[in-house]
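**Student:** I am sharing query.cif, which consists of mmCIF, C-alpha atoms:
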data_my_file
#
loop_
_atom_site.label_atom_id
_atom_site.label_comp_id
_atom_site.auth_asym_id
_atom_site.auth_seq_id
_atom_site.Cartn_x
_atom_site.Cartn_y
_atom_site.Cartn_z
CA MET A 1 59.94 -50.55 -65.22
CA LYS A 2 57.81 -50.19 -62.09
CA PRO A 3 55.83 -46.95 -61.74
CA LYS A 4 56.73 -44.38 -59.08
CA LEU A 5 54.63 -44.52 -55.92
CA THR A 6 52.24 -41.61 -55.39
CA ILE A 7 49.73 -40.88 -52.63
CA ASN A 8 46.87 -42.09 -54.83
CA LYS A 9 48.76 -45.28 -55.72
CA LEU A 10 49.57 -45.81 -52.03
CA LYS A 11 45.87 -45.59 -51.15
CA LYS A 12 45.00 -48.02 -53.93
CA ALA A 13 47.73 -50.44 -52.82
CA ALA A 14 46.57 -50.30 -49.19
CA LYS A 15 43.00 -51.08 -50.18
CA GLU A 16 44.05 -54.03 -52.36
CA PHE A 17 46.41 -55.30 -49.64
CA CYS A 18 43.62 -55.24 -47.04
CA LYS A 19 41.25 -57.17 -49.28
CA THR A 20 43.88 -59.80 -50.09
CA GLU A 21 45.12 -60.21 -46.51
CA SER A 22 41.63 -60.42 -45.04
CA SER A 23 41.04 -63.70 -46.87
CA HIS A 24 44.54 -65.07 -46.25
CA LYS A 25 45.11 -67.76 -43.63
CA ASN A 26 48.48 -67.05 -42.00
CA LYS A 27 50.35 -69.79 -40.17
CA ASP A 28 53.10 -67.39 -39.00
CA LEU A 29 50.72 -65.40 -36.82
CA PHE A 30 48.78 -68.31 -35.33
CA GLY A 31 48.66 -67.97 -31.54
CA VAL A 32 50.52 -64.65 -31.58
CA THR A 33 48.99 -62.15 -29.14
CA ASP A 34 51.75 -59.52 -29.14
CA GLY A 35 50.24 -56.57 -31.01
CA LYS A 36 53.65 -55.06 -31.72
CA ALA A 37 54.87 -58.29 -33.33
CA ILE A 38 51.74 -58.50 -35.48
CA GLY A 39 52.08 -54.84 -36.46
CA THR A 40 55.73 -55.25 -37.46
CA TYR A 41 54.89 -58.37 -39.50
CA ILE A 42 52.10 -56.61 -41.41
CA GLU A 43 54.14 -53.44 -41.96
CA HIS A 44 56.97 -55.49 -43.49
CA LYS A 45 54.55 -57.49 -45.62
CA PHE A 46 52.90 -54.31 -46.93
CA GLN A 47 56.31 -52.78 -47.66
CA SER A 48 57.20 -55.91 -49.63
CA TYR A 49 53.92 -55.55 -51.52
CA LEU A 50 54.79 -51.94 -52.38
CA GLU A 51 58.33 -52.88 -53.44
CA GLU A 52 56.93 -55.51 -55.77
CA HIS A 53 54.76 -52.98 -57.61
CA TYR A 54 56.35 -49.52 -57.23
CA THR A 55 59.58 -47.59 -56.83
CA TYR A 56 59.85 -45.28 -53.83
CA GLU A 57 62.26 -44.01 -51.19
CA LYS A 58 62.74 -46.55 -48.41
CA ASN A 59 62.73 -45.89 -44.69
CA SER A 60 65.94 -44.83 -42.98
CA SER A 61 66.47 -44.80 -39.22
CA ALA A 62 67.51 -41.15 -39.43
CA LYS A 63 64.14 -40.06 -40.76
CA GLY A 64 62.07 -42.50 -38.72
CA ILE A 65 59.19 -42.50 -41.21
CA ASP A 66 58.18 -45.70 -43.03
CA LEU A 67 57.68 -43.91 -46.37
CA PRO A 68 59.93 -40.83 -46.12
CA GLY A 69 59.83 -39.64 -49.75
CA LYS A 70 58.90 -35.95 -49.86
CA ASP A 71 55.87 -36.64 -52.10
CA ILE A 72 54.62 -39.43 -49.79
CA TYR A 73 55.96 -38.69 -46.27
CA THR A 74 53.71 -41.21 -44.58
CA ASP A 75 54.08 -43.45 -41.53
CA ILE A 76 52.36 -46.84 -41.43
CA LYS A 77 50.45 -47.88 -38.31
CA VAL A 78 48.92 -51.32 -37.69
CA THR A 79 46.63 -51.92 -34.72
CA SER A 80 43.90 -54.21 -33.41
CA ILE A 81 40.24 -53.17 -33.45
CA LYS A 82 40.10 -54.25 -29.78
CA GLN A 83 42.20 -51.23 -28.85
CA PRO A 84 43.04 -49.15 -31.93
CA GLN A 85 46.08 -47.25 -30.77
CA SER A 86 49.85 -47.02 -31.16
CA SER A 87 52.74 -44.84 -30.10
CA CYS A 88 54.96 -42.47 -32.04
CA PRO A 89 58.04 -40.38 -31.21
CA PHE A 90 57.52 -37.11 -29.36
CA LYS A 91 59.07 -34.29 -31.37
CA ASP A 92 57.53 -31.19 -29.81
CA ALA A 93 54.33 -30.00 -28.17
CA LYS A 94 53.05 -28.37 -31.37
CA GLN A 95 52.31 -31.83 -32.79
CA LYS A 96 49.26 -32.12 -30.56
CA ILE A 97 47.86 -28.88 -32.03
CA PHE A 98 49.14 -28.68 -35.61
CA GLY A 99 49.56 -32.38 -36.38
CA LEU A 100 52.42 -34.86 -36.32
CA GLY A 101 54.11 -33.35 -39.38
CA TYR A 102 53.56 -36.39 -41.62
CA ASN A 103 50.66 -38.40 -43.03
CA LEU A 104 49.39 -41.61 -41.44
CA LEU A 105 48.22 -44.83 -43.08
CA VAL A 106 46.34 -46.74 -40.38
CA PHE A 107 45.52 -50.46 -40.76
CA VAL A 108 43.05 -51.85 -38.20
CA TYR A 109 42.55 -55.62 -38.02
CA ASN A 110 40.38 -58.13 -36.18
CA LYS A 111 42.44 -61.28 -35.51
CA THR A 112 40.98 -64.73 -35.05
CA ASP A 113 42.75 -68.08 -34.85
CA ASP A 114 41.65 -71.14 -36.79
CA ASN A 115 42.56 -73.76 -34.18
CA LYS A 116 41.73 -76.67 -36.45
CA ASN A 117 44.17 -75.63 -39.19
CA LYS A 118 46.61 -73.78 -36.89
CA LYS A 119 46.36 -70.57 -38.87
CA ALA A 120 45.46 -66.97 -38.08
CA ILE A 121 43.03 -64.76 -39.97
CA LEU A 122 43.49 -61.00 -39.94
CA ASP A 123 40.34 -59.34 -41.18
CA PHE A 124 41.16 -55.70 -41.93
CA VAL A 125 38.02 -53.94 -40.75
CA SER A 126 39.33 -50.41 -41.27
CA CYS A 127 42.06 -48.68 -43.24
CA SER A 128 42.37 -44.90 -43.32
CA PHE A 129 44.74 -42.36 -44.81
CA LEU A 130 45.12 -39.17 -42.78
CA GLU A 131 46.81 -36.13 -44.23
CA LYS A 132 49.27 -34.58 -41.78
CA GLU A 133 47.01 -31.61 -40.98
CA ARG A 134 44.39 -34.00 -39.58
CA THR A 135 46.76 -35.83 -37.22
CA ALA A 136 46.38 -33.41 -34.28
CA ASP A 137 44.42 -34.07 -31.08
CA PHE A 138 40.65 -33.81 -31.55
CA THR A 139 39.63 -32.22 -28.25
CA THR A 140 42.55 -29.77 -28.09
CA THR A 141 42.04 -28.46 -31.61
CA PHE A 142 38.25 -28.37 -31.21
CA ARG A 143 38.50 -26.19 -28.10
CA ILE A 144 41.22 -23.94 -29.57
CA ARG A 145 39.17 -23.36 -32.71
CA GLU A 146 36.15 -22.63 -30.52
CA MET A 147 38.15 -20.16 -28.39
CA ILE A 148 39.45 -18.32 -31.45
CA GLY A 149 35.89 -18.06 -32.75
CA ASP A 150 34.95 -16.52 -29.39
CA GLY A 151 37.73 -13.92 -29.66
CA ALA A 152 40.34 -15.46 -27.32
CA ASN A 153 43.64 -13.58 -26.93
CA LYS A 154 47.17 -14.85 -26.38
CA GLU A 155 46.80 -15.05 -22.59
CA ASP A 156 43.59 -17.07 -22.95
CA ILE A 157 45.33 -19.55 -25.25
CA ILE A 158 48.34 -19.90 -22.91
CA ALA A 159 46.01 -20.50 -19.95
CA TYR A 160 44.20 -23.23 -21.86
CA LEU A 161 47.46 -24.91 -22.93
CA ASN A 162 48.64 -24.83 -19.30
CA ASP A 163 45.33 -26.27 -18.14
CA LYS A 164 45.68 -29.14 -20.64
CA ASN A 165 49.26 -29.82 -19.44
CA ILE A 166 50.73 -29.35 -22.90
CA PRO A 167 54.35 -30.51 -22.37
CA ALA A 168 56.25 -27.26 -22.89
CA ASP A 169 57.77 -24.42 -20.83
CA GLU A 170 56.29 -20.91 -20.60
CA ILE A 171 58.40 -19.48 -23.43
CA THR A 172 57.42 -22.32 -25.77
CA LEU A 173 53.75 -22.03 -24.82
CA SER A 174 53.89 -18.31 -25.59
CA LEU A 175 55.35 -19.05 -29.04
CA ILE A 176 52.72 -21.73 -29.67
CA ALA A 177 49.94 -19.33 -28.68
CA GLU A 178 51.27 -16.74 -31.13
CA LYS A 179 51.38 -19.32 -33.89
CA ILE A 180 47.80 -20.41 -33.10
CA LEU A 181 46.55 -16.83 -33.38
CA GLN A 182 48.42 -16.36 -36.66
CA ASN A 183 47.35 -19.68 -38.14
CA THR A 184 44.22 -21.38 -36.76
CA PRO A 185 44.92 -25.12 -36.58
CA LYS A 186 42.75 -27.51 -38.55
CA GLN A 187 40.46 -29.85 -36.66
CA GLY A 188 42.43 -32.96 -35.69
CA TYR A 189 40.92 -36.44 -35.48
CA LEU A 190 43.29 -38.39 -33.24
CA THR A 191 43.32 -38.68 -29.48
CA ILE A 192 46.89 -37.92 -28.39
CA SER A 193 47.95 -38.64 -24.83
CA ASN A 194 50.97 -36.92 -23.27
CA ALA A 195 53.87 -39.27 -22.58
CA LEU A 196 57.57 -39.68 -23.33
CA GLN A 197 56.18 -40.97 -26.61
CA TRP A 198 52.85 -39.73 -27.94
CA ARG A 199 50.10 -42.30 -27.49
CA LEU A 200 47.83 -42.13 -30.53
CA GLN A 201 44.28 -43.47 -30.40
CA TYR A 202 42.33 -43.99 -33.63
CA GLY A 203 38.81 -44.83 -32.40
CA ARG A 204 37.32 -41.58 -33.70
CA VAL A 205 38.75 -42.17 -37.18
CA VAL A 206 37.62 -45.80 -37.25
CA LYS A 207 34.03 -44.84 -36.36
CA LEU A 208 33.94 -41.72 -38.55
CA THR A 209 30.86 -41.64 -40.77
CA GLU A 210 31.00 -38.14 -42.24
CA THR A 211 33.20 -37.10 -45.15
CA ILE A 212 36.18 -35.08 -43.92
CA SER A 213 38.65 -33.36 -46.22
CA GLY A 214 42.08 -34.87 -45.56
CA ILE A 215 40.79 -38.25 -44.32
CA THR A 216 40.22 -41.13 -46.75
CA LYS A 217 38.43 -44.24 -45.50
CA LEU A 218 39.87 -46.99 -47.73
CA ILE A 219 38.28 -49.92 -45.89
CA ASP A 220 35.34 -49.45 -43.55
CA LYS A 221 33.52 -52.42 -42.01
CA VAL A 222 32.96 -50.66 -38.67
CA SER A 223 30.98 -47.42 -39.05
CA LYS A 224 28.51 -48.76 -41.63
#
Spell out the structure here as structure tokens.
**Tutor:**
Amino acid sequence: MKPKLTINKLKKAAKEFCKTESSHKNKDLFGVTDGKAIGTYIEHKFQSYLEEHYTYEKNSSAKGIDLPGKDIYTDIKVTSIKQPQSSCPFKDAKQKIFGLGYNLLVFVYNKTDDNKNKKAILDFVSCSFLEKERTADFTTTFRIREMIGDGANKEDIIAYLNDKNIPADEITLSLIAEKILQNTPKQGYLTISNALQWRLQYGRVVKLTETISGITKLIDKVSK
């Protein structure tokens, strides 16, 4: 019987998957330049890898998370090192300050094509696991934490949120400010751009050299 997937087993599987795939020559992805198509292909291949070795709750369209089990609750992101970013559904404005509400497993590849053999090589140069509390916007949380340390009040926080065009009305901003003062957000490490969907950028995580609680660098060929 296959063992149950845990966070630690997920990290181990991701690391092994990256090492295996980085040496694999893939004819299916030769000549493919569509990042979304590559990401979908790798996500499915990693899910198949997990299914082969572990038991876990599968994704459902209702939940919208790749690994929705309550003990895992992790979304998988695959992106190119040339522009390490992706999008995710916008739920509410608090996500930019308190995190997305779920963990992220981020695969970052460097793709080259072997023209002679008509095969593609995806070298996974970075793979990181981010706990949900670390998935907020870096600059926004940095400034909010700084303001709280300087004794900011509710009006100060609301003014800052307005200045940063946080997508929410006045009543919601007031509630967010109250929550911030009651519970200082942790420092986030993503760059999150406002849009109909959040645009997540992972450059800071990819280049991260220090040890941060809640962020595990599983593969790192970039910052070293």
**Student:** Expressed in Å to a single decimal, how great is the separation between CA of Asp123 (chain A) and CA of Glu21 (chain A)?
**Tutor:**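 Interatomic distance here is 7.2 Å.
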**Student:** For a quick check of understanding, using only C-alpha atoms, which of A:Thr6, A:Asn162, A:Thr141, A:Thr79 has the smallest distance to Cys127 (chain A)?
**Tutor:**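 Answer, going by the shortest atom-to-atom distance: A:Thr79.
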**Student:** Selected by the PyMOL selection byres ((chain A and resi 99-104) around 10) in the shown coordinates: which residues, as a PyMOL selection string?
**Tutor:** chain A and resi 7+65-68+70+72-77+88-98+105-107+128-137+141+185-190+198+214-215
**Student:** How many Å separate CA of Lys25 (chain A) from CA of Ser223 (chain A)?
**Tutor:** 25.2 Å
**Student:** Between A:Glu52, A:Asp71, A:Asp114, A:Asp169, which one has atoms that come closest to Asn26 (chain A), using all atoms listed in the file?
**Tutor:**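 Of A:Glu52, A:Asp71, A:Asp114, A:Asp169, the one nearest Asn26 (chain A) is A:Asp114, counting all atoms listed in the file.
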**Student:** Evaluate the PyMOL selection byres ((chain A and resi 160) around 12) on the structure here and hand back the selected residues as a VMD selection string.
**Tutor:** chain A and resid 139 to 141 143 to 148 152 to 159 161 to 166 173 to 174 176 to 177
**Student:** Taking into account only C-alpha atoms, which residue in the set A:Asn8, A:Ile171, A:Tyr54, A:Lys19 is nearest to Tyr109 (chain A)?
**Tutor:** A:Lys19
**Student:** Which residue out of A:Val78, A:Ala195, A:Ile38, A:Ala168 has the minimum interatomic distance to Ala14 (chain A) when only C-alpha atoms are used?
**Tutor:**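 Checking each candidate against Ala14 (chain A), we get A:Val78 as the closest.
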**Student:** Work out how far apart CA of Gln201 (chain A) and CA of Ser126 (chain A) are and give it in Å to one decimal.
**Tutor:**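 According to the coordinates, CA of Gln201 (chain A) and CA of Ser126 (chain A) are separated by 13.8 Å.
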**Student:** Would you mind telling me which residue in A:Val32, A:Ala37, A:Leu122, A:Leu5 lies nearest to Glu57 (chain A) when using only C-alpha atoms?
**Tutor:** A:Leu5
**Student:** Excluding Asp28 (chain A) and its own-chain neighbours fewer than 3 positions away, which residues fall within 9 Å of it when counting all atoms listed in the file? Please give them as a PyMOL selection string.
**Tutor:** chain A and resi 31-32+119-120
**Student:** Keeping only C-alpha atoms, write the selected residues as an mmCIF file, keeping the file's coordinate frame.
**Tutor:**
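Output file again_9.cif follows:
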data_model
loop_
_atom_site.group_PDB
_atom_site.id
_atom_site.type_symbol
_atom_site.label_atom_id
_atom_site.label_comp_id
_atom_site.auth_asym_id
_atom_site.auth_seq_id
_atom_site.Cartn_x
_atom_site.Cartn_y
_atom_site.Cartn_z
ATOM 1 C CA GLY A 31 48.660 -67.970 -31.540
ATOM 2 C CA VAL A 32 50.520 -64.650 -31.580
ATOM 3 C CA LYS A 119 46.360 -70.570 -38.870
ATOM 4 C CA ALA A 120 45.460 -66.970 -38.080
#
**Student:** Might you pull out every residue within 8 Å of Val222 (chain A), with all atoms listed in the file counted and same-chain residues fewer than 4 positions away left off, and present them as a ChimeraX atom specification?
**Tutor:** /A:125-126,206-207
**Student:** Next, write the just-selected residues to a file, as a PDB file, keeping the file's coordinate frame, keeping C-alpha atoms as the atom set.
**Tutor:**
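The file below, out.pdb, is the result:
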ATOM      1  CA  VAL A 125      38.020 -53.940 -40.750  1.00  0.00           C
ATOM      2  CA  SER A 126      39.330 -50.410 -41.270  1.00  0.00           C
ATOM      3  CA  VAL A 206      37.620 -45.800 -37.250  1.00  0.00           C
ATOM      4  CA  LYS A 207      34.030 -44.840 -36.360  1.00  0.00           C
TER       5      LYS A 207
END
**Student:** Mind checking which residues fall within 8 Å of Lys118 (chain A), counting only C-alpha atoms, ignoring those fewer than 4 positions away in the same chain, and posting them as a count of residues only?
**Tutor:** 4
**Student:** Rank A:Tyr41, A:Phe138, A:Phe124, A:Phe17 by their smallest atom-to-atom distance to Val108 (chain A), using all atoms listed in the file, and report the top residue only.
**Tutor:**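 Using all atoms listed in the file, the shortest distance to Val108 (chain A) belongs to A:Phe124.
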**Student:** Report, as AutoDock Vina command-line options, the axis-aligned box around all atoms of region 209-222 of chain A present in the file, extended by 3 Å on each side; give centre and edge lengths in Å to one decimal place.
**Tutor:**
--center_x 36.5 --center_y -42.9 --center_z -43.2 --size_x 17.2 --size_y 25.1 --size_z 15.1
**Student:** For the structure provided, state which residues fall under the PyMOL selection byres ((chain A and resi 218) around 7), and present them as a VMD selection string.
**Tutor:** chain A and resid 15 127 to 128 216 to 217 219 to 220
**Student:** Neighbours of Gln83 (chain A) within 10 Å (all atoms listed in the file; same-chain residues fewer than 2 positions away dropped), as an MDAnalysis selection string?
**Tutor:** chainID A and resid 35 79:81 85:86 108 201:203
